[in-house]
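Pasting my_file13.cif here (mmCIF, C-alpha atoms):
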```
data_input
#
loop_
_atom_site.group_PDB
_atom_site.id
_atom_site.type_symbol
_atom_site.label_atom_id
_atom_site.label_comp_id
_atom_site.auth_asym_id
_atom_site.auth_seq_id
_atom_site.Cartn_x
_atom_site.Cartn_y
_atom_site.Cartn_z
ATOM 1 C CA MET A 146 80.030 10.971 -32.808
ATOM 2 C CA PRO A 147 82.315 13.711 -31.456
ATOM 3 C CA LEU A 148 81.288 15.652 -28.364
ATOM 4 C CA LYS A 149 81.421 19.405 -27.967
ATOM 5 C CA THR A 150 82.607 21.264 -24.875
ATOM 6 C CA TYR A 151 82.459 24.989 -24.146
ATOM 7 C CA ARG A 152 84.608 27.672 -22.593
ATOM 8 C CA PRO A 153 83.434 28.266 -18.995
ATOM 9 C CA LEU A 154 82.015 31.722 -19.666
ATOM 10 C CA THR A 155 79.002 30.915 -17.452
ATOM 11 C CA PRO A 156 78.421 28.359 -14.687
ATOM 12 C CA THR A 157 76.110 26.499 -17.070
ATOM 13 C CA LEU A 158 78.709 26.125 -19.810
ATOM 14 C CA ARG A 159 81.481 25.019 -17.457
ATOM 15 C CA PHE A 160 80.336 21.391 -17.333
ATOM 16 C CA THR A 161 78.129 21.189 -20.430
ATOM 17 C CA VAL A 162 79.049 18.407 -22.864
ATOM 18 C CA ARG A 163 76.840 18.049 -25.922
ATOM 19 C CA PRO A 164 76.917 16.086 -29.194
ATOM 20 C CA ASP A 165 77.991 18.074 -32.238
ATOM 21 C CA TYR A 166 75.430 16.336 -34.492
ATOM 22 C CA SER A 167 77.970 16.149 -37.314
ATOM 23 C CA GLU A 168 76.545 12.787 -38.434
ATOM 24 C CA ILE A 169 73.073 14.263 -39.050
ATOM 25 C CA THR A 170 72.475 14.749 -42.794
ATOM 26 C CA LYS A 171 68.766 15.719 -42.836
ATOM 27 C CA GLU A 172 66.956 17.974 -40.381
ATOM 28 C CA GLU A 173 63.269 17.615 -41.245
ATOM 29 C CA PRO A 174 61.674 14.165 -40.759
ATOM 30 C CA GLU A 175 59.912 12.273 -43.541
ATOM 31 C CA LYS A 176 56.275 13.411 -43.306
ATOM 32 C CA SER A 177 54.853 10.026 -44.285
ATOM 33 C CA LEU A 178 56.697 8.349 -41.387
ATOM 34 C CA ILE A 179 55.671 10.555 -38.455
ATOM 35 C CA GLU A 180 52.625 10.681 -36.220
ATOM 36 C CA ILE A 181 51.437 12.848 -33.350
ATOM 37 C CA ILE A 182 52.348 11.967 -29.768
ATOM 38 C CA LYS A 183 49.761 12.880 -27.155
ATOM 39 C CA ARG A 184 51.682 13.579 -23.974
ATOM 40 C CA THR A 185 50.262 12.591 -20.605
ATOM 41 C CA GLY A 186 52.267 14.641 -18.108
ATOM 42 C CA GLY A 187 52.535 11.464 -16.051
ATOM 43 C CA ARG A 188 48.738 11.178 -15.619
ATOM 44 C CA ASN A 189 46.579 8.147 -16.342
ATOM 45 C CA ASN A 190 43.132 8.123 -17.995
ATOM 46 C CA ARG A 191 41.541 9.304 -14.731
ATOM 47 C CA GLY A 192 43.834 12.306 -14.431
ATOM 48 C CA ARG A 193 45.730 10.818 -11.484
ATOM 49 C CA LEU A 194 49.486 11.278 -11.275
ATOM 50 C CA THR A 195 51.009 7.818 -11.805
ATOM 51 C CA CYS A 196 54.543 8.743 -12.910
ATOM 52 C CA ARG A 197 56.284 11.613 -11.165
ATOM 53 C CA HIS A 198 58.755 14.095 -12.650
ATOM 54 C CA LYS A 199 57.141 14.233 -16.097
ATOM 55 C CA GLY A 200 55.628 17.244 -17.817
ATOM 56 C CA GLY A 201 56.300 20.146 -20.132
ATOM 57 C CA GLY A 202 59.016 19.771 -22.703
ATOM 58 C CA HIS A 203 59.228 20.535 -26.381
ATOM 59 C CA LYS A 204 56.613 19.203 -28.795
ATOM 60 C CA ARG A 205 57.652 16.042 -30.646
ATOM 61 C CA HIS A 206 56.478 13.841 -33.471
ATOM 62 C CA TYR A 207 56.900 10.088 -33.261
ATOM 63 C CA ARG A 208 59.065 8.536 -35.986
ATOM 64 C CA LYS A 209 57.682 5.150 -37.072
ATOM 65 C CA ILE A 210 60.660 2.767 -36.886
ATOM 66 C CA ASP A 211 60.664 -0.555 -38.761
ATOM 67 C CA PHE A 212 61.568 -2.963 -35.951
ATOM 68 C CA LYS A 213 60.342 -6.044 -37.823
ATOM 69 C CA ARG A 214 62.506 -5.720 -40.984
ATOM 70 C CA ASN A 215 60.134 -8.082 -42.797
ATOM 71 C CA ARG A 216 60.682 -6.639 -46.269
ATOM 72 C CA PHE A 217 63.295 -8.925 -47.823
ATOM 73 C CA GLU A 218 64.800 -6.687 -50.487
ATOM 74 C CA PRO A 219 67.700 -4.227 -50.660
ATOM 75 C CA ALA A 220 67.268 -0.578 -49.741
ATOM 76 C CA THR A 221 69.545 2.454 -49.933
ATOM 77 C CA VAL A 222 70.341 4.723 -46.987
ATOM 78 C CA GLU A 223 69.069 8.193 -47.874
ATOM 79 C CA ALA A 224 69.827 10.108 -44.653
ATOM 80 C CA ILE A 225 70.875 9.894 -41.017
ATOM 81 C CA GLU A 226 68.442 11.796 -38.796
ATOM 82 C CA TYR A 227 67.965 12.884 -35.190
ATOM 83 C CA ASP A 228 65.114 11.271 -33.273
ATOM 84 C CA PRO A 229 63.889 13.199 -30.200
ATOM 85 C CA ASN A 230 62.172 10.079 -28.821
ATOM 86 C CA ARG A 231 65.264 7.872 -28.442
ATOM 87 C CA THR A 232 68.985 8.097 -27.742
ATOM 88 C CA ALA A 233 70.010 6.436 -31.022
ATOM 89 C CA ARG A 234 70.136 8.094 -34.426
ATOM 90 C CA ILE A 235 67.827 6.777 -37.142
ATOM 91 C CA ALA A 236 68.483 6.074 -40.825
ATOM 92 C CA LEU A 237 65.986 6.792 -43.595
ATOM 93 C CA ILE A 238 66.092 3.981 -46.150
ATOM 94 C CA LYS A 239 64.453 3.838 -49.577
ATOM 95 C CA TYR A 240 63.446 0.648 -51.395
ATOM 96 C CA GLN A 241 63.593 0.157 -55.150
ATOM 97 C CA ASP A 242 59.851 0.784 -55.547
ATOM 98 C CA GLY A 243 60.160 4.160 -53.787
ATOM 99 C CA ALA A 244 58.829 3.089 -50.366
ATOM 100 C CA LYS A 245 60.670 4.551 -47.384
ATOM 101 C CA SER A 246 61.110 3.523 -43.769
ATOM 102 C CA TYR A 247 63.212 4.279 -40.719
ATOM 103 C CA ILE A 248 65.670 1.904 -39.047
ATOM 104 C CA LEU A 249 68.060 2.411 -36.146
ATOM 105 C CA ALA A 250 71.404 3.657 -37.438
ATOM 106 C CA PRO A 251 74.279 1.339 -36.410
ATOM 107 C CA VAL A 252 77.912 2.416 -36.087
ATOM 108 C CA GLY A 253 79.495 2.783 -39.529
ATOM 109 C CA LEU A 254 76.301 3.126 -41.573
ATOM 110 C CA LYS A 255 76.590 6.000 -44.062
ATOM 111 C CA VAL A 256 74.436 7.696 -46.661
ATOM 112 C CA GLY A 257 74.532 5.717 -49.899
ATOM 113 C CA ASP A 258 75.079 2.332 -48.247
ATOM 114 C CA THR A 259 72.804 -0.576 -49.108
ATOM 115 C CA VAL A 260 71.041 -2.572 -46.411
ATOM 116 C CA ASN A 261 69.097 -5.787 -46.786
ATOM 117 C CA ALA A 262 67.015 -8.164 -44.698
ATOM 118 C CA GLY A 263 66.065 -11.815 -44.840
ATOM 119 C CA PRO A 264 67.649 -15.273 -44.558
ATOM 120 C CA ASN A 265 69.750 -14.708 -47.693
ATOM 121 C CA ALA A 266 71.188 -11.325 -46.680
ATOM 122 C CA GLU A 267 74.909 -11.005 -45.999
ATOM 123 C CA PRO A 268 75.995 -10.568 -42.345
ATOM 124 C CA SER A 269 77.159 -6.974 -42.843
ATOM 125 C CA ILE A 270 76.442 -3.701 -41.010
ATOM 126 C CA GLY A 271 72.747 -2.794 -40.994
ATOM 127 C CA ASN A 272 71.480 -6.082 -42.454
ATOM 128 C CA ALA A 273 68.818 -8.054 -40.574
ATOM 129 C CA LEU A 274 69.009 -11.850 -40.499
ATOM 130 C CA PRO A 275 67.620 -14.768 -38.478
ATOM 131 C CA LEU A 276 69.977 -15.665 -35.642
ATOM 132 C CA HIS A 277 70.814 -19.077 -37.133
ATOM 133 C CA LYS A 278 72.230 -17.315 -40.233
ATOM 134 C CA ILE A 279 74.594 -15.085 -38.230
ATOM 135 C CA PRO A 280 78.212 -16.215 -37.550
ATOM 136 C CA LEU A 281 79.207 -16.869 -33.942
ATOM 137 C CA GLY A 282 80.845 -13.970 -32.124
ATOM 138 C CA THR A 283 79.047 -11.349 -34.218
ATOM 139 C CA THR A 284 77.965 -8.100 -32.564
ATOM 140 C CA ILE A 285 74.231 -7.596 -33.052
ATOM 141 C CA HIS A 286 71.432 -5.270 -31.973
ATOM 142 C CA ASN A 287 67.689 -4.798 -32.539
ATOM 143 C CA ILE A 288 66.932 -8.376 -31.454
ATOM 144 C CA GLU A 289 63.518 -10.030 -31.348
ATOM 145 C CA LEU A 290 62.405 -12.048 -28.322
ATOM 146 C CA LEU A 291 59.731 -13.942 -30.274
ATOM 147 C CA PRO A 292 59.864 -14.656 -34.028
ATOM 148 C CA GLY A 293 57.976 -11.993 -35.968
ATOM 149 C CA GLN A 294 57.287 -9.884 -32.876
ATOM 150 C CA GLY A 295 59.620 -7.039 -33.734
ATOM 151 C CA ALA A 296 62.883 -6.071 -32.069
ATOM 152 C CA LYS A 297 62.880 -5.555 -28.286
ATOM 153 C CA ILE A 298 66.508 -5.886 -27.176
ATOM 154 C CA ALA A 299 69.579 -3.638 -27.638
ATOM 155 C CA ARG A 300 67.892 -0.590 -29.150
ATOM 156 C CA SER A 301 69.416 2.317 -27.190
ATOM 157 C CA ALA A 302 72.521 4.294 -28.130
ATOM 158 C CA GLY A 303 75.714 2.224 -28.016
ATOM 159 C CA SER A 304 73.917 -1.022 -27.137
ATOM 160 C CA SER A 305 74.844 -4.397 -28.580
ATOM 161 C CA ALA A 306 74.705 -8.108 -27.799
ATOM 162 C CA THR A 307 77.017 -10.936 -28.807
ATOM 163 C CA LEU A 308 76.010 -14.245 -30.359
ATOM 164 C CA MET A 309 77.666 -16.925 -28.199
ATOM 165 C CA GLY A 310 76.380 -20.277 -29.535
ATOM 166 C CA PHE A 311 73.452 -22.537 -30.391
ATOM 167 C CA ALA A 312 71.679 -25.392 -28.611
ATOM 168 C CA ASN A 313 68.326 -27.101 -29.331
ATOM 169 C CA ASP A 314 66.827 -24.493 -31.688
ATOM 170 C CA TYR A 315 67.943 -21.666 -29.417
ATOM 171 C CA ALA A 316 70.748 -19.144 -29.738
ATOM 172 C CA GLN A 317 72.646 -18.034 -26.653
ATOM 173 C CA LEU A 318 73.220 -14.289 -26.493
ATOM 174 C CA ARG A 319 75.347 -12.225 -24.154
ATOM 175 C CA MET A 320 73.031 -9.313 -23.446
ATOM 176 C CA PRO A 321 74.075 -5.675 -22.898
ATOM 177 C CA SER A 322 73.664 -6.345 -19.144
ATOM 178 C CA SER A 323 76.173 -9.290 -19.421
ATOM 179 C CA GLU A 324 73.327 -11.772 -18.824
ATOM 180 C CA ILE A 325 73.435 -14.843 -21.085
ATOM 181 C CA ARG A 326 69.999 -15.644 -22.441
ATOM 182 C CA LYS A 327 68.415 -18.095 -24.869
ATOM 183 C CA VAL A 328 66.468 -16.690 -27.820
ATOM 184 C CA HIS A 329 64.842 -18.766 -30.570
ATOM 185 C CA GLN A 330 67.089 -19.129 -33.595
ATOM 186 C CA ASN A 331 64.383 -17.872 -35.993
ATOM 187 C CA CYS A 332 64.285 -14.462 -34.314
ATOM 188 C CA PHE A 333 65.716 -11.633 -36.396
ATOM 189 C CA ALA A 334 68.614 -9.428 -35.334
ATOM 190 C CA THR A 335 70.543 -6.645 -37.045
ATOM 191 C CA ILE A 336 74.312 -6.739 -37.522
ATOM 192 C CA GLY A 337 76.415 -4.133 -35.720
ATOM 193 C CA GLN A 338 76.257 -1.870 -32.684
ATOM 194 C CA VAL A 339 73.682 0.893 -32.251
ATOM 195 C CA GLY A 340 75.197 4.260 -33.149
ATOM 196 C CA ASN A 341 75.631 7.442 -31.088
ATOM 197 C CA THR A 342 78.012 5.568 -28.772
ATOM 198 C CA GLU A 343 79.140 8.762 -26.991
ATOM 199 C CA HIS A 344 75.664 9.445 -25.628
ATOM 200 C CA GLU A 345 76.606 8.226 -22.140
ATOM 201 C CA ASN A 346 79.214 11.009 -21.894
ATOM 202 C CA VAL A 347 76.759 13.843 -22.550
ATOM 203 C CA THR A 348 76.221 16.283 -19.647
ATOM 204 C CA ILE A 349 72.960 18.235 -19.738
ATOM 205 C CA GLY A 350 74.602 21.236 -18.055
ATOM 206 C CA LYS A 351 71.582 23.149 -16.760
ATOM 207 C CA ALA A 352 68.122 22.620 -15.300
ATOM 208 C CA GLY A 353 66.442 24.283 -18.260
ATOM 209 C CA ARG A 354 67.610 21.632 -20.684
ATOM 210 C CA SER A 355 65.989 18.959 -18.505
ATOM 211 C CA ARG A 356 62.732 20.900 -18.754
ATOM 212 C CA TRP A 357 63.057 20.998 -22.558
ATOM 213 C CA LEU A 358 63.254 17.206 -22.428
ATOM 214 C CA GLY A 359 60.071 16.978 -20.353
ATOM 215 C CA ILE A 360 61.818 16.123 -17.074
ATOM 216 C CA ARG A 361 60.500 17.965 -14.018
ATOM 217 C CA PRO A 362 62.467 18.494 -10.784
ATOM 218 C CA THR A 363 62.908 15.747 -8.191
ATOM 219 C CA VAL A 364 62.549 16.638 -4.510
ATOM 220 C CA ARG A 365 64.434 14.564 -1.903
ATOM 221 C CA GLY A 366 62.266 12.635 0.527
ATOM 222 C CA MET A 367 64.294 14.008 3.449
ATOM 223 C CA ALA A 368 63.271 17.544 2.485
ATOM 224 C CA MET A 369 59.554 16.684 2.750
ATOM 225 C CA ASN A 370 57.185 16.505 5.703
ATOM 226 C CA PRO A 371 56.283 13.168 7.316
ATOM 227 C CA VAL A 372 52.836 13.283 5.685
ATOM 228 C CA ASP A 373 54.434 13.381 2.237
ATOM 229 C CA HIS A 374 57.248 10.834 2.492
ATOM 230 C CA PRO A 375 58.509 8.108 4.869
ATOM 231 C CA ASN A 376 61.904 9.850 5.070
ATOM 232 C CA GLY A 377 60.428 13.268 5.820
ATOM 233 C CA GLY A 378 60.226 15.295 9.015
ATOM 234 C CA GLY A 379 62.585 15.636 11.965
ATOM 235 C CA GLN A 380 64.527 18.559 13.371
ATOM 236 C CA GLY A 381 67.227 19.231 10.834
ATOM 237 C CA LYS A 382 69.117 16.343 9.269
ATOM 238 C CA SER A 383 68.041 13.742 11.787
ATOM 239 C CA LYS A 384 68.836 10.049 11.455
ATOM 240 C CA GLY A 385 65.862 8.912 13.474
ATOM 241 C CA GLY A 386 62.328 10.104 13.010
ATOM 242 C CA GLY A 387 62.880 12.215 9.987
ATOM 243 C CA GLY A 388 65.583 11.376 7.620
ATOM 244 C CA ARG A 389 68.444 9.054 7.072
ATOM 245 C CA GLN A 390 66.803 5.671 7.253
ATOM 246 C CA HIS A 391 67.063 3.214 4.412
ATOM 247 C CA LEU A 392 66.151 4.834 1.118
ATOM 248 C CA VAL A 393 62.535 4.116 0.278
ATOM 249 C CA SER A 394 59.959 5.216 -2.266
ATOM 250 C CA PRO A 395 57.149 7.599 -1.258
ATOM 251 C CA TRP A 396 55.066 4.470 -0.647
ATOM 252 C CA GLY A 397 57.612 2.845 1.644
ATOM 253 C CA GLN A 398 59.235 0.292 -0.701
ATOM 254 C CA ILE A 399 62.986 -0.100 -0.209
ATOM 255 C CA ALA A 400 64.817 1.561 -3.085
ATOM 256 C CA ARG A 401 68.132 -0.299 -2.881
ATOM 257 C CA GLY A 402 68.816 -3.975 -2.478
ATOM 258 C CA LEU A 403 65.239 -5.241 -2.642
ATOM 259 C CA LYS A 404 64.786 -7.843 -5.391
ATOM 260 C CA THR A 405 61.577 -7.106 -7.272
ATOM 261 C CA ARG A 406 61.730 -9.789 -9.984
ATOM 262 C CA THR A 407 59.078 -12.500 -9.561
ATOM 263 C CA LYS A 408 60.782 -15.727 -8.444
ATOM 264 C CA SER A 409 58.512 -17.952 -10.525
ATOM 265 C CA LYS A 410 58.629 -15.866 -13.688
ATOM 266 C CA PRO A 411 58.045 -18.153 -16.726
ATOM 267 C CA THR A 412 60.947 -16.642 -18.700
ATOM 268 C CA ASN A 413 63.485 -17.677 -16.035
ATOM 269 C CA LYS A 414 64.071 -20.861 -18.036
ATOM 270 C CA PHE A 415 65.591 -18.817 -20.860
ATOM 271 C CA ILE A 416 68.263 -17.262 -18.642
ATOM 272 C CA VAL A 417 71.467 -19.307 -18.782
ATOM 273 C CA GLU A 418 73.594 -17.025 -16.631
ATOM 274 C CA ARG A 419 72.486 -14.034 -14.580
ATOM 275 C CA ARG A 420 74.012 -10.638 -15.048
ATOM 276 C CA LYS A 421 77.074 -9.875 -12.946
ATOM 277 C CA LYS A 422 76.392 -8.815 -9.372
#
```

Write out the structure in this file as structure tokens.
Amino acid sequence: MPLKTYRPLTPTLRFTVRPDYSEITKEEPEKSLIEIIKRTGGRNNRGRLTCRHKGGGHKRHYRKIDFKRNRFEPATVEAIEYDPNRTARIALIKYQDGAKSYILAPVGLKVGDTVNAGPNAEPSIGNALPLHKIPLGTTIHNIELLPGQGAKIARSAGSSATLMGFANDYAQLRMPSSEIRKVHQNCFATIGQVGNTEHENVTIGKAGRSRWLGIRPTVRGMAMNPVDHPNGGGQGKSKGGGGRQHLVSPWGQIARGLKTRTKSKPTNKFIVERRKK
């Protein structure tokens, strides 16, 4: 996916880097595969603010993605579409009986290609297979953690994992974080890398575009009063009473360096090697 830059005619355009959307072949979503999203503005069911910096933004419809791939028959790629709810592009596929569904679009998938799923599918781009049917060293995405649960791992733009080996009914995967983890060999995964690989190089360029995305401004703790934040207060940029202590959340939890993962988490036994420090 090529990126688009602009002549610096305004301060906004000077640093803006945006996708050119040249891979998109269909603008309107499939009506049978969308549903309404009710936005919360960061509030819970009692109206209390539980997630800061959310609110506003453009209206969206949710695209129903087939993360289970449990229909074991070939389908043809009809279109590559934009999805406002995720960083990856999505592909509209059509089965022989006319049924349609959305899948994540991997790198190299084009309109007119055929994708398949099931134990007998070939290990080619866009096909979904059980892990024990995939050759070692293959790049995969859209990976289940439990058989039949639906894909949970490697779903964002440019993400992928690598199949490293097998031992005792489990496959060993090198995750996008470089962690090596065991996943049951009957879990499904899709061949290839998630598309839109240049997403990490996009620069929003202006505050207004963040607001279109539903992201509200973030105020530094140091700029607040002591009643509002542990880092607030003080005369000017003070290091003592009001300012440059260790970075903490508004509720006093250390923001950097504090390990928050539960030591006795049951899934620790599936981690073969931790991600790189």

Could you list as a PyMOL selection string every residue that has an atom within 7 Å of (67.1, 0.8, -35.8), using the file's coordinates and counting all atoms listed in the file?
-> chain A and resi 210+212+235+248-250+287+300

Record the distance separating atom CA of A:Ala302 and atom CA of A:His344, expressed in Å with one decimal.
->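 Computed distance, atom CA of A:Ala302 to atom CA of A:His344, equals 6.5 Å.
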
Find the spatial neighbours of stretch 322-335 of chain A, counting all atoms listed in the file, within a cut-off of 8 Å - ignore same-chain residues fewer than 3 positions away - and output them as a ChimeraX atom specification.
-> /A:213,270-277,285-293,296,311,314-319,415-421

To one decimal in Å, tell me the separation between atom CA of A:Val347 and atom CA of A:Met367.
->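 Interatomic distance, atom CA of A:Val347 to atom CA of A:Met367: 28.8 Å.
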
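Taking atom CA of A:Gly200 and atom CA of A:Val393 as the two end points, the separation is 23.4 Å.
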
Find the residue from A:Ala244, A:Val222, A:Ile182, A:Leu308 that sits nearest to A:Arg205; use all atoms listed in the file when measuring.
-> A:Ile182

Fewer than 5 positions away in the same chain doesn't count, so skip those; otherwise give me all residues within 12 Å of A:Asp228, counting only C-alpha atoms, as JSON, numbers by chain.
-> {"A": [166, 169, 171, 172, 173, 174, 175, 179, 205, 206, 207, 208, 209, 210, 233, 234, 235, 236, 237, 247, 248, 249, 250, 301, 302, 341]}

May I have the residues within 8 Å of A:Ala368 as a ChimeraX atom specification, using all atoms listed in the file and disregarding those fewer than 3 positions away in the same chain?
-> /A:364-365,377-378

For stretch 233-248 of chain A, take all atoms listed in the file, fit an axis-aligned box around them, add 8 Å to each of the six sides, then output centre and edge lengths in Å rounded to one decimal, as lines of an AutoDock Vina configuration file.
```
center_x = 64.5
center_y = 4.1
center_z = -43.3
size_x = 27.3
size_y = 23.9
size_z = 40.5
```
